[in-house]
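Below is one structure, written out as structure tokens; comments come after it.
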Amino acid sequence: VHYMPISVDMNNFPEQTNRISSKITLMYAGSFGKKDGIPVLLDAFEKLADKYEHVCLVFSGRGDKESMNEFFSLIETSPYNDRIEYKGYMDEKDYYSMLNDIDIPCMTRVDIAFAQAGFPFKLGEFLATGKPVIASRVSDVEKFLINEQNAMLVSADSSTEVFEAAEFLIENPESASAIGVQ
């Protein structure tokens, strides 16, 4: 048995029945650096938004000036920017409230050296929600998670796999609920 090398305050995650809702919200929260794969997630979201009118994307967090300028530029040029919301850096109460309200948390790191170290702290929080999480196969992730059993694992840098994972969760709400509670 492998135990995840993180700690999460489970009091931030009230036990609830999680079902994919009629309005699907994907979410990324954390830093906005090169390792975090924001362009990968945005590309996947645009493919989803083109196919599903009820899909939206929420971001929370911050990064350095260059990363944030790149992020805002990508948002501005997205044909679906009316369904993308940036909430900035949130206080703890608002962050956990948002995290418990969204449908699909996403951790879409890319394959660079920094992303290959350790276990992403945010991923532990995402898993604690009981929601079906999409996570890149980086670092130690595959030591602790099994694809389509307790998360949807995708190749780093693959917006196509992120799209396919999200589409599977949208099209299969019972499987999505089962994956989330594993």
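Lettering and numbering for the structure tokens are positional, with chains as A, B, ... in the shown order, residues counted from 1 in each chain, and ligands counted from 1 in the shown order.
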If we count only C-alpha atoms, what is near Glu148 of chain A at a cut-off of 9 Å, once residues fewer than 2 positions away on the same chain are taken out, given as an MDAnalysis selection string? chainID A and resid 146 150:153 165 175:176 179
Please run DSSP on the backbone and report, as an MDAnalysis selection string, all residues within segment 20-169 of chain A that come out as alpha helix (DSSP H). chainID A and resid 38:51 65:77 92:101 121:128 141:144 159:169
Please determine, counting only C-alpha atoms, which residue among A:Phe144, A:Phe163, A:Tyr28, A:Phe168 has the shortest atom-to-atom distance to Asp43 of chain A.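 Closest to Asp43 of chain A, using only C-alpha atoms: A:Phe163.
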What does the distance from atom CA of Arg137 of chain A to atom CA of Ala49 of chain A come to in Å, to one decimal? 24.0 Å
